[in-house]
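The file data.cif contains mmCIF, C-alpha atoms:
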data_final
loop_
_atom_site.label_atom_id
_atom_site.label_comp_id
_atom_site.auth_asym_id
_atom_site.auth_seq_id
_atom_site.Cartn_x
_atom_site.Cartn_y
_atom_site.Cartn_z
CA MET N 7 -12.55 -86.15 25.76
CA THR N 8 -11.05 -88.79 23.45
CA HIS N 9 -10.76 -87.70 19.81
CA VAL N 10 -12.59 -89.90 17.30
CA ASP N 11 -11.09 -89.71 13.82
CA HIS N 12 -13.52 -88.40 11.21
CA ILE N 13 -13.30 -90.00 7.75
CA LEU N 14 -14.94 -88.45 4.68
CA ILE N 15 -15.81 -91.08 2.04
CA VAL N 16 -16.19 -89.71 -1.50
CA ASP N 17 -17.51 -92.21 -4.06
CA ASP N 18 -20.32 -92.03 -6.60
CA ASP N 19 -21.26 -95.67 -5.87
CA ARG N 20 -23.82 -95.58 -3.06
CA GLU N 21 -23.27 -99.22 -2.05
CA ILE N 22 -19.52 -98.75 -1.69
CA ARG N 23 -19.97 -95.53 0.29
CA GLN N 24 -22.33 -97.22 2.71
CA MET N 25 -20.26 -100.41 3.01
CA VAL N 26 -17.12 -98.46 3.85
CA ALA N 27 -18.97 -96.14 6.25
CA ASP N 28 -20.58 -99.04 8.11
CA TYR N 29 -17.28 -100.90 8.49
CA LEU N 30 -15.35 -97.86 9.69
CA GLN N 31 -18.08 -96.97 12.17
CA LYS N 32 -18.02 -100.52 13.57
CA ASN N 33 -14.30 -100.00 14.14
CA GLY N 34 -14.72 -96.83 16.15
CA LEU N 35 -14.41 -94.14 13.48
CA ARG N 36 -16.80 -91.32 12.66
CA THR N 37 -17.81 -91.08 8.99
CA THR N 38 -19.44 -88.74 6.50
CA THR N 39 -20.24 -89.72 2.91
CA ALA N 40 -20.27 -87.68 -0.30
CA ALA N 41 -21.30 -88.68 -3.81
CA ASP N 42 -19.30 -86.05 -5.69
CA GLY N 43 -17.00 -83.05 -5.41
CA ARG N 44 -19.79 -80.66 -4.51
CA GLU N 45 -20.87 -82.76 -1.54
CA MET N 46 -17.23 -83.29 -0.54
CA ARG N 47 -16.57 -79.55 -0.42
CA ALA N 48 -19.78 -78.95 1.54
CA ALA N 49 -18.74 -81.56 4.12
CA LEU N 50 -15.28 -80.02 4.46
CA GLU N 51 -16.79 -76.59 5.05
CA THR N 52 -19.11 -77.74 7.81
CA SER N 53 -16.96 -80.15 9.84
CA ASP N 54 -13.38 -81.11 10.68
CA VAL N 55 -12.16 -84.11 8.69
CA ASP N 56 -9.10 -86.20 9.60
CA LEU N 57 -8.82 -88.13 6.30
CA ILE N 58 -10.57 -88.39 2.93
CA VAL N 59 -11.17 -91.68 1.11
CA LEU N 60 -11.48 -90.57 -2.51
CA ASP N 61 -12.51 -92.66 -5.51
CA VAL N 62 -10.64 -91.97 -8.76
CA MET N 63 -13.32 -92.97 -11.28
CA MET N 64 -16.30 -90.65 -10.83
CA PRO N 65 -18.43 -88.83 -13.40
CA GLY N 66 -17.88 -85.11 -13.75
CA GLU N 67 -14.98 -84.15 -11.49
CA ASP N 68 -12.94 -87.31 -11.04
CA GLY N 69 -10.82 -88.13 -8.02
CA LEU N 70 -7.57 -86.94 -9.57
CA SER N 71 -9.05 -83.51 -10.27
CA LEU N 72 -10.52 -83.33 -6.77
CA CYS N 73 -7.19 -84.33 -5.20
CA ARG N 74 -5.41 -81.61 -7.17
CA GLY N 75 -7.97 -79.08 -5.97
CA LEU N 76 -7.62 -80.20 -2.37
CA ARG N 77 -3.86 -79.74 -2.43
CA ALA N 78 -4.25 -76.20 -3.77
CA GLY N 79 -7.00 -75.13 -1.37
CA PRO N 80 -7.67 -74.46 2.31
CA HIS N 81 -7.97 -78.19 3.14
CA ARG N 82 -4.58 -79.02 1.64
CA ALA N 83 -3.28 -80.64 4.83
CA VAL N 84 -6.04 -83.28 5.04
CA PRO N 85 -4.57 -86.68 4.08
CA VAL N 86 -6.11 -88.56 1.15
CA VAL N 87 -6.38 -92.30 0.46
CA MET N 88 -7.43 -92.95 -3.13
CA LEU N 89 -9.49 -95.89 -4.43
CA THR N 90 -8.21 -97.01 -7.84
CA ALA N 91 -8.99 -99.67 -10.44
CA ARG N 92 -6.78 -102.76 -10.40
CA ASP N 93 -5.50 -102.34 -13.96
CA ASP N 94 -5.02 -98.57 -13.94
CA GLU N 95 -1.44 -98.06 -12.75
CA THR N 96 -1.32 -94.62 -14.37
CA ASP N 97 -4.08 -93.32 -12.10
CA ARG N 98 -2.26 -94.61 -9.04
CA ILE N 99 0.99 -92.92 -10.05
CA VAL N 100 -0.71 -89.66 -11.01
CA GLY N 101 -2.72 -89.72 -7.79
CA LEU N 102 0.43 -89.98 -5.68
CA GLU N 103 2.10 -87.27 -7.73
CA MET N 104 -0.89 -84.98 -7.11
CA GLY N 105 -0.55 -85.41 -3.39
CA ALA N 106 -2.50 -88.52 -2.40
CA ASP N 107 -1.00 -90.16 0.69
CA ASP N 108 -1.84 -93.75 -0.23
CA TYR N 109 -4.10 -95.84 -2.46
CA VAL N 110 -6.17 -98.99 -2.24
CA VAL N 111 -6.90 -101.07 -5.34
CA LYS N 112 -10.48 -102.10 -6.19
CA PRO N 113 -11.85 -104.60 -5.40
CA PHE N 114 -10.53 -104.13 -1.87
CA SER N 115 -11.19 -105.61 1.54
CA SER N 116 -12.60 -103.28 4.18
CA ARG N 117 -9.94 -104.55 6.56
CA GLU N 118 -7.13 -103.45 4.21
CA LEU N 119 -8.72 -100.03 3.76
CA LEU N 120 -8.95 -99.58 7.54
CA ALA N 121 -5.28 -100.54 7.88
CA ARG N 122 -4.30 -98.02 5.19
CA ILE N 123 -6.35 -95.28 6.84
CA SER N 124 -4.80 -95.98 10.23
CA ALA N 125 -1.28 -96.00 8.79
CA VAL N 126 -1.75 -92.69 6.96
CA ILE N 127 -3.21 -90.97 10.02
CA ARG N 128 -0.36 -92.35 12.13
CA ARG N 129 2.25 -91.09 9.62
CA THR N 130 0.58 -87.69 9.48
CA ARG N 131 0.87 -87.36 13.25
CA MET N 132 4.26 -88.96 13.72
CA LEU N 133 6.04 -85.61 13.89
CA PRO N 134 5.17 -82.61 16.07
CA PRO N 135 3.07 -79.97 14.28
CA ASN N 136 5.14 -77.56 12.20
CA LEU N 137 4.56 -74.51 10.05
CA GLN N 138 3.77 -76.62 6.98
CA VAL N 139 5.16 -73.81 4.83
CA SER N 140 5.11 -75.77 1.62
CA GLU N 141 1.33 -76.16 1.96
CA ALA N 142 0.75 -72.56 3.03
CA GLY N 143 1.63 -70.82 -0.19
CA ARG N 144 2.91 -71.25 -3.68
CA LEU N 145 6.44 -69.88 -3.45
CA ILE N 146 8.93 -70.87 -0.73
CA GLY N 147 12.36 -69.28 -0.31
CA PHE N 148 15.46 -70.91 1.19
CA GLY N 149 19.12 -70.08 0.64
CA GLN N 150 19.65 -69.09 -3.00
CA TRP N 151 16.61 -71.08 -4.13
CA ARG N 152 12.84 -70.77 -4.34
CA LEU N 153 10.40 -73.66 -4.69
CA ASP N 154 7.25 -73.20 -6.76
CA THR N 155 4.87 -75.68 -5.08
CA THR N 156 2.30 -75.42 -7.88
CA ALA N 157 4.62 -75.99 -10.85
CA ARG N 158 6.84 -78.25 -8.71
CA HIS N 159 10.16 -76.82 -9.80
CA LEU N 160 13.09 -74.98 -8.29
CA LEU N 161 13.93 -71.40 -9.24
CA ASP N 162 17.47 -70.05 -8.90
CA ALA N 163 18.38 -66.41 -8.21
CA ALA N 164 18.07 -65.58 -11.91
CA GLY N 165 14.61 -67.14 -12.14
CA THR N 166 15.71 -70.18 -14.13
CA ALA N 167 13.40 -73.15 -13.51
CA TYR N 168 14.71 -76.63 -12.67
CA PRO N 169 12.04 -79.38 -12.75
CA LEU N 170 11.95 -81.92 -9.91
CA SER N 171 10.87 -85.53 -10.04
CA GLY N 172 7.91 -86.50 -7.87
CA ALA N 173 10.17 -88.19 -5.32
CA GLU N 174 12.56 -85.20 -5.18
CA PHE N 175 9.66 -82.80 -4.72
CA ARG N 176 8.13 -84.85 -1.88
CA LEU N 177 11.47 -85.12 -0.08
CA LEU N 178 12.18 -81.40 -0.40
CA ARG N 179 8.67 -80.61 0.87
CA VAL N 180 9.28 -82.74 3.97
CA PHE N 181 12.60 -80.97 4.62
CA LEU N 182 11.03 -77.53 4.17
CA ASP N 183 8.14 -78.39 6.49
CA HIS N 184 10.58 -79.59 9.15
CA SER N 185 13.66 -77.42 8.67
CA GLN N 186 16.19 -77.30 11.52
CA ARG N 187 14.93 -80.67 12.76
CA VAL N 188 16.80 -83.97 12.55
CA LEU N 189 14.76 -86.55 10.62
CA SER N 190 15.66 -90.23 10.71
CA ARG N 191 15.78 -92.36 7.56
CA ASP N 192 12.70 -94.24 8.75
CA GLN N 193 10.77 -90.99 9.14
CA LEU N 194 11.85 -89.76 5.71
CA LEU N 195 10.89 -93.06 4.09
CA ASN N 196 7.46 -93.07 5.68
CA LEU N 197 6.76 -89.41 4.96
CA THR N 198 7.86 -89.55 1.32
CA GLN N 199 7.00 -93.08 0.21
CA GLY N 200 4.14 -94.18 2.44
CA ARG N 201 2.98 -97.71 1.67
CA ASP N 202 6.00 -98.42 -0.53
CA ALA N 203 8.52 -97.60 2.18
CA ASN N 204 10.91 -100.37 3.15
CA LEU N 205 12.48 -99.50 6.48
CA PHE N 206 15.56 -101.55 5.60
CA ASP N 207 15.92 -99.80 2.26
CA ARG N 208 18.75 -97.28 1.90
CA SER N 209 17.17 -95.71 -1.17
CA ILE N 210 16.51 -92.58 0.91
CA ASP N 211 20.27 -91.97 0.92
CA LEU N 212 20.30 -92.05 -2.88
CA LEU N 213 17.33 -89.69 -3.02
CA VAL N 214 19.01 -87.26 -0.61
CA SER N 215 22.11 -87.40 -2.81
CA ARG N 216 20.03 -86.57 -5.90
CA LEU N 217 18.35 -83.67 -4.12
CA ARG N 218 21.71 -82.32 -2.99
CA GLN N 219 22.84 -82.33 -6.61
CA ARG N 220 19.70 -80.42 -7.59
CA LEU N 221 20.44 -77.83 -4.91
CA GLN N 222 24.12 -77.71 -5.93
CA ASP N 223 24.94 -78.53 -2.32
CA ASP N 224 28.67 -79.19 -1.89
CA PRO N 225 29.02 -82.60 -0.12
CA ARG N 226 31.96 -81.22 1.88
CA GLU N 227 30.09 -78.12 3.06
CA GLN N 228 26.48 -79.41 3.19
CA ALA N 229 24.91 -75.95 3.31
CA TYR N 230 21.39 -77.30 2.79
CA ILE N 231 21.12 -80.92 3.90
CA LYS N 232 23.53 -82.06 6.60
CA THR N 233 24.13 -85.69 7.52
CA VAL N 234 23.79 -86.32 11.25
CA ARG N 235 25.83 -89.41 12.04
CA SER N 236 23.76 -92.33 13.36
CA GLU N 237 20.59 -90.20 13.31
CA GLY N 238 19.65 -89.08 9.80
CA TYR N 239 19.50 -85.71 8.06
CA VAL N 240 18.69 -82.10 8.91
CA PHE N 241 17.71 -79.26 6.56
CA CYS N 242 19.83 -76.32 7.70
CA GLN N 243 18.47 -73.32 5.83
CA ALA N 244 15.88 -70.89 7.13
CA VAL N 245 12.63 -71.20 5.17
CA THR N 246 10.52 -68.22 4.14
CA LEU N 247 7.01 -68.07 2.73
CA LEU N 248 7.03 -65.58 -0.17
CA ASP N 249 3.98 -63.60 -1.17
CA GLU N 250 4.02 -63.95 -4.92
CA ALA N 251 5.28 -66.32 -7.59
CA PRO N 252 7.07 -64.84 -10.60
#

As structure tokens, what does this structure read like?
Amino acid sequence: MTHVDHILIVDDDREIRQMVADYLQKNGLRTTTAADGREMRAALETSDVDLIVLDVMMPGEDGLSLCRGLRAGPHRAVPVVMLTARDDETDRIVGLEMGADDYVVKPFSSRELLARISAVIRRTRMLPPNLQVSEAGRLIGFGQWRLDTTARHLLDAAGTAYPLSGAEFRLLRVFLDHSQRVLSRDQLLNLTQGRDANLFDRSIDLLVSRLRQRLQDDPREQAYIKTVRSEGYVFCQAVTLLDEAP
């Protein structure tokens, strides 16, 4: 039986919820609507959801708070597209830093939203399923390092914390989720930058270089991130899910 993607629309504006739901249904998607965080959580508990469309500006728990909670809970792997105000760049940046996969600026066209949803679902499924260790627990071990996925910093053997930028954290998460697997530059760009990825952009090489410096990875030895000529990069270390954070 053909799978029909199920989209959960979370917005306190009833007209917007219904407009989006009607349009997505006309384009072959299944939809559920929720007016707030309570209804969102109830929907997630009772049915499988492929993607959440989440409004930022809502009374009570806003979208940023809900996104943060999603990324720390049992539905952490569900992709999120956030709806943001045109003049609120801060919300867009914070939303992406909290784990949103993409954003659409209000007022938006239903056609653009559908395109964003399709692109995010396609990116989410572009690689074979993996352990997703960085979403399975707070503390991840690899080599001489540990990654605290809640605080978003590295810990060395002595327990010293080294903060990561948002881009560095996203790239390291992708490598940890897909260790021992060669990832092309295009895949890394799409998985870390989403809508802002430029497939002709070599900025991923600069970001890999920065991450290597963070990991104190000798360019001649490449103990953590190896360059695979004409193919991309591979994360070489075994990755372990640790039980407790310090």

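The space separating CA of Ile231 in chain N from CA of Leu217 in chain N comes to 8.9 Å.
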
Original post:
If you count all atoms listed in the file, which residues fall within 12 Å of Val240 in chain N, apart from same-chain ones fewer than 2 positions away, as a PyMOL selection string?
Top reply: chain N and resi 177-178+180-191+193-194+214+228-235+237-238+242-244

Just so the selection is clear, what residues does the PyMOL selection byres ((chain N and resi 122) around 10) cover here, as a CSV table (one decimal) with C-alpha atoms, in the coordinates of the input?
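Output (expr_26.csv):
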chain,number,residue,atom,x,y,z
N,87,VAL,CA,-6.4,-92.3,0.5
N,107,ASP,CA,-1.0,-90.2,0.7
N,108,ASP,CA,-1.8,-93.8,-0.2
N,109,TYR,CA,-4.1,-95.8,-2.5
N,110,VAL,CA,-6.2,-99.0,-2.2
N,116,SER,CA,-12.6,-103.3,4.2
N,117,ARG,CA,-9.9,-104.6,6.6
N,118,GLU,CA,-7.1,-103.4,4.2
N,119,LEU,CA,-8.7,-100.0,3.8
N,120,LEU,CA,-9.0,-99.6,7.5
N,121,ALA,CA,-5.3,-100.5,7.9
N,123,ILE,CA,-6.4,-95.3,6.8
N,124,SER,CA,-4.8,-96.0,10.2
N,125,ALA,CA,-1.3,-96.0,8.8
N,126,VAL,CA,-1.8,-92.7,7.0
N,127,ILE,CA,-3.2,-91.0,10.0
N,128,ARG,CA,-0.4,-92.4,12.1
N,200,GLY,CA,4.1,-94.2,2.4
N,201,ARG,CA,3.0,-97.7,1.7

**OP:** Record the distance separating CA of His159 in chain N and CA of Thr198 in chain N, expressed in Å with one decimal.
**Re:**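 Result for CA of His159 in chain N versus CA of Thr198 in chain N: 17.1 Å, one decimal.
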
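CA of Val245 in chain N lies 7.0 Å from CA of Ile146 in chain N.
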
Original post:
Exactly which residues make up the result of the PyMOL selection byres ((chain N and resi 144) around 6) on this file, given as a PyMOL selection string?
Top reply: chain N and resi 143+145+154-156

Subject >> Shortest interatomic distance to Leu30 in chain N - which of N:Thr52, N:Val10, N:Pro65, N:Glu45, counting only C-alpha atoms >> reply: N:Val10
